[in-house]
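Accompanying notes for the structure given below.
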Amino acid sequence: MNMNQSGRTGIYPQDLLQSLPPRQEGKWARNSKFSAFAVSLQGSSHVQKGIPCQDYSDIRILDGCGIIIGGIADGVGSCPLSHWGAYIAVNEALNYVEDKIRGYERAPGEPEINQILNDAFRYAEDMVAGAADAAGQAVHNLQSTLTVAVYDGSNLYCCHVGDDGVVAQQQNGEVKLATNRLKGEEASSVYPLQTGNWEVTKIRNAVAGFVMATDGVLDAFALMYPDYDNINYFNRIYYPFMEPALYGMTDKTAADAARKTLEFYQKYLKSEGYRAKVTDDLTLVAVTAPAVLEKSVHPKFDAETWNNIERENERKKAVALGYTIPQSQSVPETVPNRVPEYLTVERTSRSPAYSTGDPARRSSGRLLAEEDKVKKKRSRKSPGDHIFLLFAVLVTLIVVLIAAIAVLGFLYFKKPFKTGDTETSDKIVSEEMTEELIATIEETVKLEKMIKATDSNAVMETDEEQTKEPQTEYSE
């Protein structure tokens, strides 16, 4: 039995080889400020080999403090008890952080948080060592990575060791890795908690949400590509993977939006397509402040540029390894099968609300029926358009009439008349002007009738369209 500073006990079996730690295959939490979920699943390769899930994750909302904390760990594959090491490390580190933050009368600042995180990692390391000693095991057998995040709705602090990571979405729309991948010189090597080489980092810009992931998930959407055309494009983050995790939890119509988003990712991470290409254990944690996220800039993601990066990376790999890429070969998928549309209905004739090619897309699956209806109305001429046309025709006719009168007047005064013929000449001019006026008025009446008929047909057509109900489809 081990006891932490608050008196809370962490009870671990004497024979760690004959027992397994609690599994964390899905947990969600939500209050008026935060929404979050965490999931850790056994990888397909571990299922085949009979190896327990070596990942562990947890989230805790500290009510009254305005803070949420999260932790993830990945046991070192070559260590037979690393599943226990991961569980103990996350559990004890979060216990320490929670106890210390609750001990402050005010929200702790950056210096205090940095000190708490450093001390939490030392405490977690000691607790793992204590559990190993009590079970008569070498500490090496319980080695694991560890990442802990502290978030207050704006500031994000991380303490981290290993090749796991945190990806933050800032309120200005930028998405970036908040941690460094701490690996050794060899591709398979990693720095575990027991090395003591952990880092404390803080995102300087205000954060709207973030995700945490162990290497099995992180490697699939946070790439290690070299710079593309001297630009570290989008910080190598395939944003469509994490977008539903954050925006899915902002749905105000569902009190259990966090649970539904968790279920969505559980299903996706368990899918055959994903597990066929990512065989390691899978851990994903997502945290957001919905009110902050909705007011933040939505990140822009260019799928075409991303695909160009993949093509270029595959070409360089082919040159280095000496093989040829067939011309017909499609772009290799970074994220297996990509991420399916989140809570959206199936559409065949309309563009989906969630599309990798649309920078302004929303992942909440907002239905587009009302937008389609507005577009249809805008595509037709309104009654106001017909009134404007009628006014233009009348103005034109008046101008023509004035011009005709001016010409006739000019001819009248220019034509020489005898004194005795003045009355006869006035009569002739009057008759000519009357004929012109009658012809003009008749033409005007015809045009008015034609315009009214056209306007009536247009109004009837608009009314018919408005009476039709939009064809709305709903997802399960």
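Just so we're on the same page: first chain in the structure tokens is A, next is B, and so on; residues restart at 1 for each chain, and ligands are numbered from 1 in the order they show up.
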Near Lys27 of chain A, within 7 Å and counting only C-alpha atoms, which residues show up once chain neighbours fewer than 6 positions away are dropped, as an mmCIF file with all heavy atoms, in the first residue's frame?
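Result went into out_10.cif, see below:
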data_model
loop_
_atom_site.group_PDB
_atom_site.id
_atom_site.type_symbol
_atom_site.label_atom_id
_atom_site.label_comp_id
_atom_site.auth_asym_id
_atom_site.auth_seq_id
_atom_site.Cartn_x
_atom_site.Cartn_y
_atom_site.Cartn_z
ATOM 1 N N PHE A 37 -13.450 14.114 -23.074
ATOM 2 C CA PHE A 37 -13.557 12.657 -23.033
ATOM 3 C C PHE A 37 -12.163 12.052 -23.122
ATOM 4 O O PHE A 37 -11.207 12.704 -23.569
ATOM 5 C CB PHE A 37 -14.455 12.116 -24.155
ATOM 6 C CG PHE A 37 -13.852 12.179 -25.532
ATOM 7 C CD1 PHE A 37 -12.961 11.203 -25.991
ATOM 8 C CD2 PHE A 37 -14.186 13.218 -26.395
ATOM 9 C CE1 PHE A 37 -12.421 11.266 -27.264
ATOM 10 C CE2 PHE A 37 -13.646 13.280 -27.672
ATOM 11 C CZ PHE A 37 -12.763 12.306 -28.105
ATOM 12 N N ALA A 38 -12.052 10.806 -22.684
ATOM 13 C CA ALA A 38 -10.784 10.072 -22.733
ATOM 14 C C ALA A 38 -11.073 8.615 -23.049
ATOM 15 O O ALA A 38 -12.053 8.047 -22.562
ATOM 16 C CB ALA A 38 -10.040 10.187 -21.401
ATOM 17 N N VAL A 39 -10.237 8.009 -23.867
ATOM 18 C CA VAL A 39 -10.403 6.602 -24.225
ATOM 19 C C VAL A 39 -9.041 5.968 -24.473
ATOM 20 O O VAL A 39 -8.161 6.579 -25.091
ATOM 21 C CB VAL A 39 -11.307 6.457 -25.474
ATOM 22 C CG1 VAL A 39 -10.748 7.240 -26.648
ATOM 23 C CG2 VAL A 39 -11.503 5.002 -25.838
#
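With distances restricted to only C-alpha atoms, A:Ser271 is the closest residue to Ser44 of chain A from A:Ser144, A:Ser189, A:Thr250, A:Ser271.
For Arg102 of chain A, the residues within 12 Å (counting only C-alpha atoms, excluding itself and residues fewer than 2 positions away along the chain) are Ser6, Ile61, Leu62, Asp63, Gly64, Cys65, Gly66, Ile67, Ile68, Asn95, Tyr96, Val97, Glu98, Asp99, Lys100, Tyr104, Glu105, Arg106, Ala107, Pro108 and Ile116 of chain A.
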Could you pull out all residues of segment 89-227 of chain A with a DSSP call of strand (DSSP E) and give them as a VMD selection string?
-> chain A and resid 146 to 151 156 to 161 165 to 170 175 to 177 199 to 202 207 to 213
Keeping only N, CA and C atoms, write those residues as a tab-separated table (two decimals), in the first residue's frame.
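Result written to selection05.tsv:
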chain	number	residue	atom	x	y	z
A	146	LEU	N	4.77	9.63	-19.93
A	146	LEU	CA	3.76	10.33	-19.13
A	146	LEU	C	3.59	11.75	-19.68
A	147	THR	N	2.34	12.16	-19.84
A	147	THR	CA	2.00	13.52	-20.25
A	147	THR	C	0.82	13.99	-19.41
A	148	VAL	N	0.94	15.18	-18.83
A	148	VAL	CA	-0.12	15.77	-18.01
A	148	VAL	C	-0.39	17.18	-18.51
A	149	ALA	N	-1.67	17.54	-18.64
A	149	ALA	CA	-2.07	18.87	-19.11
A	149	ALA	C	-2.97	19.53	-18.07
A	150	VAL	N	-2.78	20.85	-17.90
A	150	VAL	CA	-3.60	21.67	-17.01
A	150	VAL	C	-4.18	22.80	-17.85
A	151	TYR	N	-5.51	22.96	-17.85
A	151	TYR	CA	-6.17	23.92	-18.74
A	151	TYR	C	-7.23	24.68	-17.95
A	156	LEU	N	-2.88	26.85	-21.36
A	156	LEU	CA	-2.63	25.41	-21.40
A	156	LEU	C	-1.19	25.14	-20.99
A	157	TYR	N	-1.02	24.36	-19.92
A	157	TYR	CA	0.30	23.96	-19.43
A	157	TYR	C	0.45	22.45	-19.62
A	158	CYS	N	1.62	22.02	-20.04
A	158	CYS	CA	1.87	20.59	-20.25
A	158	CYS	C	3.20	20.20	-19.62
A	159	CYS	N	3.21	19.03	-19.02
A	159	CYS	CA	4.46	18.41	-18.59
A	159	CYS	C	4.52	17.06	-19.29
A	160	HIS	N	5.69	16.74	-19.85
A	160	HIS	CA	5.71	15.65	-20.82
A	160	HIS	C	7.07	14.98	-20.88
A	161	VAL	N	7.03	13.65	-21.04
A	161	VAL	CA	8.22	12.88	-21.32
A	161	VAL	C	7.81	11.69	-22.19
A	165	GLY	N	2.00	13.08	-27.13
A	165	GLY	CA	1.97	14.52	-27.36
A	165	GLY	C	0.62	15.16	-27.16
A	166	VAL	N	0.64	16.49	-27.19
A	166	VAL	CA	-0.56	17.32	-27.05
A	166	VAL	C	-0.62	18.25	-28.26
A	167	VAL	N	-1.78	18.30	-28.92
A	167	VAL	CA	-2.00	19.20	-30.05
A	167	VAL	C	-3.05	20.21	-29.62
A	168	ALA	N	-2.69	21.50	-29.68
A	168	ALA	CA	-3.58	22.56	-29.20
A	168	ALA	C	-4.15	23.36	-30.35
A	169	GLN	N	-5.43	23.73	-30.23
A	169	GLN	CA	-6.06	24.66	-31.16
A	169	GLN	C	-6.20	25.99	-30.46
A	170	GLN	N	-5.51	27.00	-30.98
A	170	GLN	CA	-5.53	28.31	-30.37
A	170	GLN	C	-6.75	29.11	-30.82
A	175	VAL	N	-3.22	25.78	-35.21
A	175	VAL	CA	-3.15	24.46	-34.59
A	175	VAL	C	-1.70	24.02	-34.55
A	176	LYS	N	-1.22	23.57	-33.40
A	176	LYS	CA	0.20	23.23	-33.31
A	176	LYS	C	0.43	22.20	-32.20
A	177	LEU	N	1.57	21.52	-32.31
A	177	LEU	CA	1.99	20.60	-31.24
A	177	LEU	C	2.43	21.43	-30.04
A	199	GLU	N	9.77	17.72	-19.76
A	199	GLU	CA	9.69	19.14	-20.11
A	199	GLU	C	8.36	19.73	-19.70
A	200	VAL	N	8.39	20.98	-19.24
A	200	VAL	CA	7.17	21.73	-18.95
A	200	VAL	C	7.04	22.82	-20.01
A	201	THR	N	5.90	22.86	-20.69
A	201	THR	CA	5.68	23.85	-21.74
A	201	THR	C	4.36	24.58	-21.51
A	202	LYS	N	4.24	25.75	-22.14
A	202	LYS	CA	3.00	26.54	-22.08
A	202	LYS	C	2.76	27.17	-23.45
A	207	VAL	N	-5.83	29.35	-25.77
A	207	VAL	CA	-6.20	28.05	-26.34
A	207	VAL	C	-7.70	27.84	-26.23
A	208	ALA	N	-8.30	27.29	-27.31
A	208	ALA	CA	-9.73	27.00	-27.33
A	208	ALA	C	-10.02	25.53	-27.03
A	209	GLY	N	-9.05	24.65	-27.24
A	209	GLY	CA	-9.22	23.23	-26.99
A	209	GLY	C	-7.96	22.49	-27.37
A	210	PHE	N	-7.87	21.22	-26.98
A	210	PHE	CA	-6.68	20.44	-27.31
A	210	PHE	C	-7.00	18.96	-27.26
A	211	VAL	N	-6.14	18.17	-27.88
A	211	VAL	CA	-6.22	16.72	-27.80
A	211	VAL	C	-4.87	16.18	-27.33
A	212	MET	N	-4.92	15.06	-26.63
A	212	MET	CA	-3.74	14.34	-26.17
A	212	MET	C	-3.79	12.95	-26.78
A	213	ALA	N	-2.63	12.42	-27.18
A	213	ALA	CA	-2.63	11.11	-27.82
A	213	ALA	C	-1.30	10.41	-27.59
Please identify which residues in segment 264-331 of chain A DSSP calls helix (DSSP H, G or I) from the backbone, and express them as number ranges by chain.
-> A: 264-269, 272-277, 290-295, 303-321
Could you turn the residues from that selection into a file that holds C-alpha atoms, as a tab-separated table (two decimals), in the first residue's frame?
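What follows is the written file again_35.tsv:
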chain	number	residue	atom	x	y	z
A	264	PHE	CA	-18.15	8.31	-32.18
A	265	TYR	CA	-14.37	7.97	-31.63
A	266	GLN	CA	-14.71	4.64	-29.87
A	267	LYS	CA	-16.46	3.28	-32.94
A	268	TYR	CA	-13.93	4.85	-35.29
A	269	LEU	CA	-10.84	3.64	-33.39
A	272	GLU	CA	-11.42	-2.65	-39.01
A	273	GLY	CA	-9.99	-0.07	-41.40
A	274	TYR	CA	-8.24	1.86	-38.64
A	275	ARG	CA	-6.96	-1.17	-36.77
A	276	ALA	CA	-5.62	-2.72	-39.96
A	277	LYS	CA	-3.17	0.17	-40.29
A	290	PRO	CA	-17.32	25.14	-25.75
A	291	ALA	CA	-18.15	28.82	-25.18
A	292	VAL	CA	-14.56	29.79	-25.99
A	293	LEU	CA	-14.31	27.49	-29.01
A	294	GLU	CA	-17.48	28.88	-30.63
A	295	LYS	CA	-16.07	32.43	-30.47
A	303	ALA	CA	-6.61	19.22	-48.38
A	304	GLU	CA	-4.92	19.70	-51.75
A	305	THR	CA	-1.74	21.08	-50.18
A	306	TRP	CA	-1.78	18.28	-47.63
A	307	ASN	CA	-2.03	15.68	-50.40
A	308	ASN	CA	0.91	17.33	-52.19
A	309	ILE	CA	2.96	16.93	-49.01
A	310	GLU	CA	2.10	13.23	-48.89
A	311	ARG	CA	3.04	12.75	-52.54
A	312	GLU	CA	6.33	14.55	-52.08
A	313	ASN	CA	7.15	12.57	-48.95
A	314	GLU	CA	6.36	9.29	-50.70
A	315	ARG	CA	8.54	10.31	-53.66
A	316	LYS	CA	11.51	11.09	-51.40
A	317	LYS	CA	11.04	7.80	-49.58
A	318	ALA	CA	11.01	5.95	-52.89
A	319	VAL	CA	14.25	7.64	-54.00
A	320	ALA	CA	15.94	6.83	-50.69
A	321	LEU	CA	14.87	3.17	-50.70
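Proximity ranking of A:Asp280, A:Ala220, A:Gln143, A:Leu16 relative to Phe241 of chain A places A:Ala220 first, based on only C-alpha atoms.
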